[in-house]
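Student: One structure, as structure tokens, below. Some questions next.
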Amino acid sequence: MNDRPAHPLATTANVPLSDEAAVQRILGESILGLWDVVNNLTRIRPSKDDRYRVTIFGSARTKPGTEIYEETRRCAAALADLGCDIVTGGGPGLMQAANEGAAGHRQVQSIGIRVDLPFEQGANAFVQQMFQHRTFFTRLHQFVLASDAFIVAPGGIGTLLEVAMIWQLLQVRHITDMPLILMGPMWPGLIEWARESMLAYEPPLCHPNDLLIPRCVPDAEGAIALIRDHHAQWQLVNG
């Protein structure tokens, strides 16, 4: 005998629009059901990947010609030379720098994953393939699905959100074997703050090993070296 309760939407009883509580409940249950479908579909993976993709996060405010802009562009160009596709948020600043670095490499894709913002410019001129999202949540999900590794250049609150999400997914092993590389001088302070603050409690608020997940490197050379090693391992599996 099956004692499972019937699904809340499995009834044929009509609900009048005037019953706002019931309508809101049906909408909420329907949205959750759609998320279940999407989550189930995203479990499907090809048995063999034919493209290695590096997502580069970073500030939308940085101007061309600045040191960190050129560093990010050079990093992306070196990765494109290795055959890595470059994925960014598709906007200006360091996103543009990364897409620009990948431009001109015939066998490499320069991809942008945008979100609708009322105050930000459109896609940068170096994006070859664009995806548009209405929410940060679905956009971040696509970054995870599309990427084999993550490099984080200096950035603000949006970049910090991206770091935190990837970091936690790696912590709880929802994703595995994806380097999270923090590039530049601003990031070691974040890790040190987490170490001093989170481990100061009893019991600690995280495991010490969690703080080893992000790899801090001072510059593009450090990021390129880590990606080169990971890309070589990927090729052994997918080559």
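Quick note on naming: the chains in the structure tokens go A, B, ... in the order shown, residues restart at 1 in each chain, and ligands are numbered from 1 in order of appearance.
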Write out as a list of chain:residue names all residues of range 68-205 of chain A that DSSP puts in strand (DSSP E) for this structure's backbone.
Tutor: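 Strand (DSSP E) members of range 68-205 of chain A, listed: A:Asp85, A:Ile86, A:Val87, A:Thr88, A:Ser110, A:Ile111, A:Gly112, A:Ile113, A:Arg114, A:Val115, A:Gln129, A:Met130, A:Phe131, A:Gln132, A:His133, A:Ala149, A:Phe150, A:Ile151, A:Val152, A:Leu180, A:Ile181, A:Leu182, A:Met183.
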Student: Would you kindly return, as a PyMOL selection string, each protein, DNA or RNA residue with an atom no farther than 8 Å from any atom of Gly184 in chain A, considering only C-alpha atoms and excluding same-chain residues fewer than 3 positions away?
Tutor: chain A and resi 153-154+187+216-219
Student: For the selection just defined, write its residues with C-alpha atoms to a file, as a PDB file, in the first residue's frame.
Tutor:
```pdb
ATOM      1  CA  ALA A 153      39.893  39.221 -10.624  1.00  0.00           C
ATOM      2  CA  PRO A 154      39.385  42.202  -8.289  1.00  0.00           C
ATOM      3  CA  TRP A 187      41.857  38.425  -1.971  1.00  0.00           C
ATOM      4  CA  CYS A 216      45.093  32.975  -4.050  1.00  0.00           C
ATOM      5  CA  VAL A 217      47.637  34.029  -6.674  1.00  0.00           C
ATOM      6  CA  PRO A 218      49.262  37.456  -6.991  1.00  0.00           C
ATOM      7  CA  ASP A 219      48.945  37.899 -10.738  1.00  0.00           C
TER       8      ASP A 219
END
```
Student: If we count only C-alpha atoms, what is near Gln132 in chain A at a cut-off of 9 Å, once residues fewer than 2 positions away on the same chain are taken out, given as a short mmCIF file (atom, residue, chain, number, x, y, z; two decimals) with C-alpha atoms, in the first residue's frame?
Tutor:
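See around.cif below for the written result:
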```cif
data_model
loop_
_atom_site.label_atom_id
_atom_site.label_comp_id
_atom_site.auth_asym_id
_atom_site.auth_seq_id
_atom_site.Cartn_x
_atom_site.Cartn_y
_atom_site.Cartn_z
CA GLY A 112 28.94 36.39 -22.01
CA ILE A 113 26.24 35.50 -19.46
CA ARG A 114 24.36 38.70 -18.71
CA VAL A 115 21.72 39.76 -16.24
CA ASP A 116 19.22 42.57 -16.78
CA MET A 130 25.53 35.89 -25.41
CA ARG A 134 16.44 38.10 -15.70
CA ARG A 139 22.64 33.40 -14.23
#
```
Student: Within 12 Å of Gly90 in chain A, counting only C-alpha atoms, which residues show up once you throw out same-chain ones fewer than 6 positions away? Write them as a VMD selection string, please.
Tutor: chain A and resid 55 to 60 96 to 100 110 to 116 120 to 133 139 143
Student: How would the residues just chosen look if you wrote them out with N, CA and C atoms as a tab-separated table (two decimals), in the first residue's frame?
Tutor:
```
chain	number	residue	atom	x	y	z
A	55	THR	N	35.64	30.53	-16.52
A	55	THR	CA	34.89	31.74	-16.22
A	55	THR	C	35.79	32.71	-15.48
A	56	ILE	N	35.79	33.96	-15.94
A	56	ILE	CA	36.56	35.01	-15.28
A	56	ILE	C	35.58	36.04	-14.74
A	57	PHE	N	35.53	36.16	-13.43
A	57	PHE	CA	34.70	37.16	-12.76
A	57	PHE	C	35.55	38.40	-12.46
A	58	GLY	N	34.90	39.55	-12.35
A	58	GLY	CA	35.63	40.77	-11.98
A	58	GLY	C	34.76	42.00	-12.13
A	59	SER	N	35.32	43.12	-11.71
A	59	SER	CA	34.58	44.38	-11.64
A	59	SER	C	34.12	44.87	-13.00
A	60	ALA	N	32.91	45.46	-13.01
A	60	ALA	CA	32.40	46.13	-14.21
A	60	ALA	C	32.90	47.56	-14.32
A	96	GLN	N	34.88	42.77	-19.92
A	96	GLN	CA	35.30	43.13	-21.27
A	96	GLN	C	36.76	42.77	-21.49
A	97	ALA	N	37.61	43.01	-20.48
A	97	ALA	CA	39.03	42.69	-20.62
A	97	ALA	C	39.21	41.21	-20.94
A	98	ALA	N	38.48	40.34	-20.23
A	98	ALA	CA	38.61	38.91	-20.45
A	98	ALA	C	38.10	38.51	-21.83
A	99	ASN	N	36.93	39.02	-22.21
A	99	ASN	CA	36.42	38.72	-23.55
A	99	ASN	C	37.33	39.25	-24.64
A	100	GLU	N	37.92	40.41	-24.40
A	100	GLU	CA	38.86	40.97	-25.37
A	100	GLU	C	40.09	40.07	-25.51
A	110	SER	N	34.26	33.16	-27.03
A	110	SER	CA	34.22	34.24	-26.04
A	110	SER	C	32.76	34.46	-25.67
A	111	ILE	N	32.39	34.07	-24.44
A	111	ILE	CA	30.98	33.94	-24.06
A	111	ILE	C	30.64	34.95	-22.97
A	112	GLY	N	29.44	35.50	-23.04
A	112	GLY	CA	28.94	36.39	-22.01
A	112	GLY	C	27.62	35.87	-21.44
A	113	ILE	N	27.48	35.91	-20.13
A	113	ILE	CA	26.24	35.50	-19.46
A	113	ILE	C	25.75	36.71	-18.67
A	114	ARG	N	24.78	37.41	-19.23
A	114	ARG	CA	24.36	38.70	-18.71
A	114	ARG	C	23.14	38.58	-17.80
A	115	VAL	N	22.94	39.62	-17.02
A	115	VAL	CA	21.72	39.76	-16.24
A	115	VAL	C	21.16	41.16	-16.49
A	116	ASP	N	19.85	41.27	-16.54
A	116	ASP	CA	19.22	42.57	-16.78
A	116	ASP	C	19.45	43.49	-15.58
A	120	GLU	N	23.34	49.34	-15.97
A	120	GLU	CA	24.59	48.88	-16.59
A	120	GLU	C	24.44	48.85	-18.10
A	121	GLN	N	25.57	49.08	-18.79
A	121	GLN	CA	25.58	49.07	-20.24
A	121	GLN	C	25.27	47.68	-20.76
A	122	GLY	N	25.09	47.61	-22.10
A	122	GLY	CA	24.84	46.33	-22.73
A	122	GLY	C	26.10	45.49	-22.80
A	123	ALA	N	26.04	44.45	-23.61
A	123	ALA	CA	27.16	43.54	-23.75
A	123	ALA	C	28.37	44.25	-24.34
A	124	ASN	N	29.55	43.83	-23.92
A	124	ASN	CA	30.76	44.41	-24.50
A	124	ASN	C	30.96	43.90	-25.92
A	125	ALA	N	31.79	44.58	-26.67
A	125	ALA	CA	31.92	44.33	-28.11
A	125	ALA	C	32.68	43.05	-28.42
A	126	PHE	N	33.26	42.40	-27.42
A	126	PHE	CA	34.11	41.24	-27.67
A	126	PHE	C	33.41	39.91	-27.39
A	127	VAL	N	32.15	39.98	-27.00
A	127	VAL	CA	31.37	38.76	-26.76
A	127	VAL	C	30.91	38.18	-28.08
A	128	GLN	N	31.17	36.91	-28.29
A	128	GLN	CA	30.74	36.23	-29.52
A	128	GLN	C	29.42	35.49	-29.33
A	129	GLN	N	29.18	35.00	-28.13
A	129	GLN	CA	27.95	34.26	-27.83
A	129	GLN	C	27.38	34.79	-26.53
A	130	MET	N	26.13	35.22	-26.56
A	130	MET	CA	25.53	35.89	-25.41
A	130	MET	C	24.33	35.11	-24.89
A	131	PHE	N	24.24	35.02	-23.56
A	131	PHE	CA	23.07	34.49	-22.87
A	131	PHE	C	22.55	35.58	-21.94
A	132	GLN	N	21.23	35.74	-21.90
A	132	GLN	CA	20.63	36.81	-21.11
A	132	GLN	C	19.72	36.22	-20.05
A	133	HIS	N	19.88	36.70	-18.81
A	133	HIS	CA	19.05	36.23	-17.70
A	133	HIS	C	18.33	37.40	-17.05
A	139	ARG	N	21.36	33.07	-13.61
A	139	ARG	CA	22.64	33.40	-14.23
A	139	ARG	C	23.79	32.67	-13.54
A	143	PHE	N	26.60	29.84	-14.98
A	143	PHE	CA	28.05	29.90	-14.82
A	143	PHE	C	28.59	28.55	-14.35
```
Student: For Asn209 in chain A, list every protein, DNA or RNA residue within 12 Å, evaluated using only C-alpha atoms, and leave out those in the same chain fewer than 3 positions away; present the list as a PyMOL selection string.
Tutor: chain A and resi 167+170-172+191+194-195+199+204-206+212-214
Student: Just checking: using only C-alpha atoms, which residue out of A:Gly222, A:Pro92, A:Ala21, A:Asp49 ends up closest to Val237 in chain A?
Tutor: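 Nearest to Val237 in chain A: A:Asp49.
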Student: Under the rule that only C-alpha atoms are counted, which of A:Phe137, A:Ala149, A:Leu117, A:Ala77 is the nearest residue to Gly104 in chain A?
Tutor: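 Among the listed residues, A:Ala77 lies closest to Gly104 in chain A.
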Student: Which neighbours of Ile175 in chain A fall inside 10 Å, counting only C-alpha atoms, when residues of the same chain fewer than 5 positions from it are skipped, and could you give them as a list in words?
Tutor: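 That gives Val144, Leu145, Asp148, Ile166, Trp167, Gln168, Leu169 and Leu170 of chain A.
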Student: Please produce an output containing N, CA and C atoms for each residue in the selection, written as a compact mmCIF listing (two decimals), in the first residue's frame.
Tutor:
```txt
# COMPACT_ATOMS: atom_id res chain seq x y z
N VAL A 144 27.91 27.97 -13.37
CA VAL A 144 28.35 26.68 -12.82
C VAL A 144 28.27 25.60 -13.89
N LEU A 145 27.16 25.56 -14.62
CA LEU A 145 26.97 24.52 -15.63
C LEU A 145 27.96 24.67 -16.78
N ASP A 148 34.57 24.92 -16.27
CA ASP A 148 35.48 23.91 -15.74
C ASP A 148 36.40 24.49 -14.68
N ILE A 166 30.41 29.99 -5.56
CA ILE A 166 31.28 28.92 -6.05
C ILE A 166 32.00 28.24 -4.88
N TRP A 167 32.46 29.05 -3.94
CA TRP A 167 33.16 28.52 -2.76
C TRP A 167 32.28 27.55 -2.00
N GLN A 168 31.01 27.93 -1.76
CA GLN A 168 30.14 27.04 -1.00
C GLN A 168 29.81 25.77 -1.77
N LEU A 169 29.57 25.88 -3.07
CA LEU A 169 29.26 24.69 -3.87
C LEU A 169 30.42 23.70 -3.84
N LEU A 170 31.65 24.22 -3.85
CA LEU A 170 32.81 23.35 -3.72
C LEU A 170 32.92 22.77 -2.30
```
Student: Counting only C-alpha atoms, figure out which residue out of A:Cys84, A:Ala78, A:Leu182, A:Ala146 gets nearest to Leu160 in chain A.
Tutor: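 Distance minimum relative to Leu160 in chain A lands on A:Leu182.
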Student: Separation of CA of Met183 in chain A and CA of Ala223 in chain A, in Å?
Tutor: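 Result for CA of Met183 in chain A versus CA of Ala223 in chain A: 6.6 Å, one decimal.
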Student: Just the alpha helix (DSSP H) stuff from range 3-233 of chain A, please, per backbone DSSP, written as a PyMOL selection string.
Tutor: chain A and resi 20-41+67-81+94-102+136-146+157-171+187-198+220-233
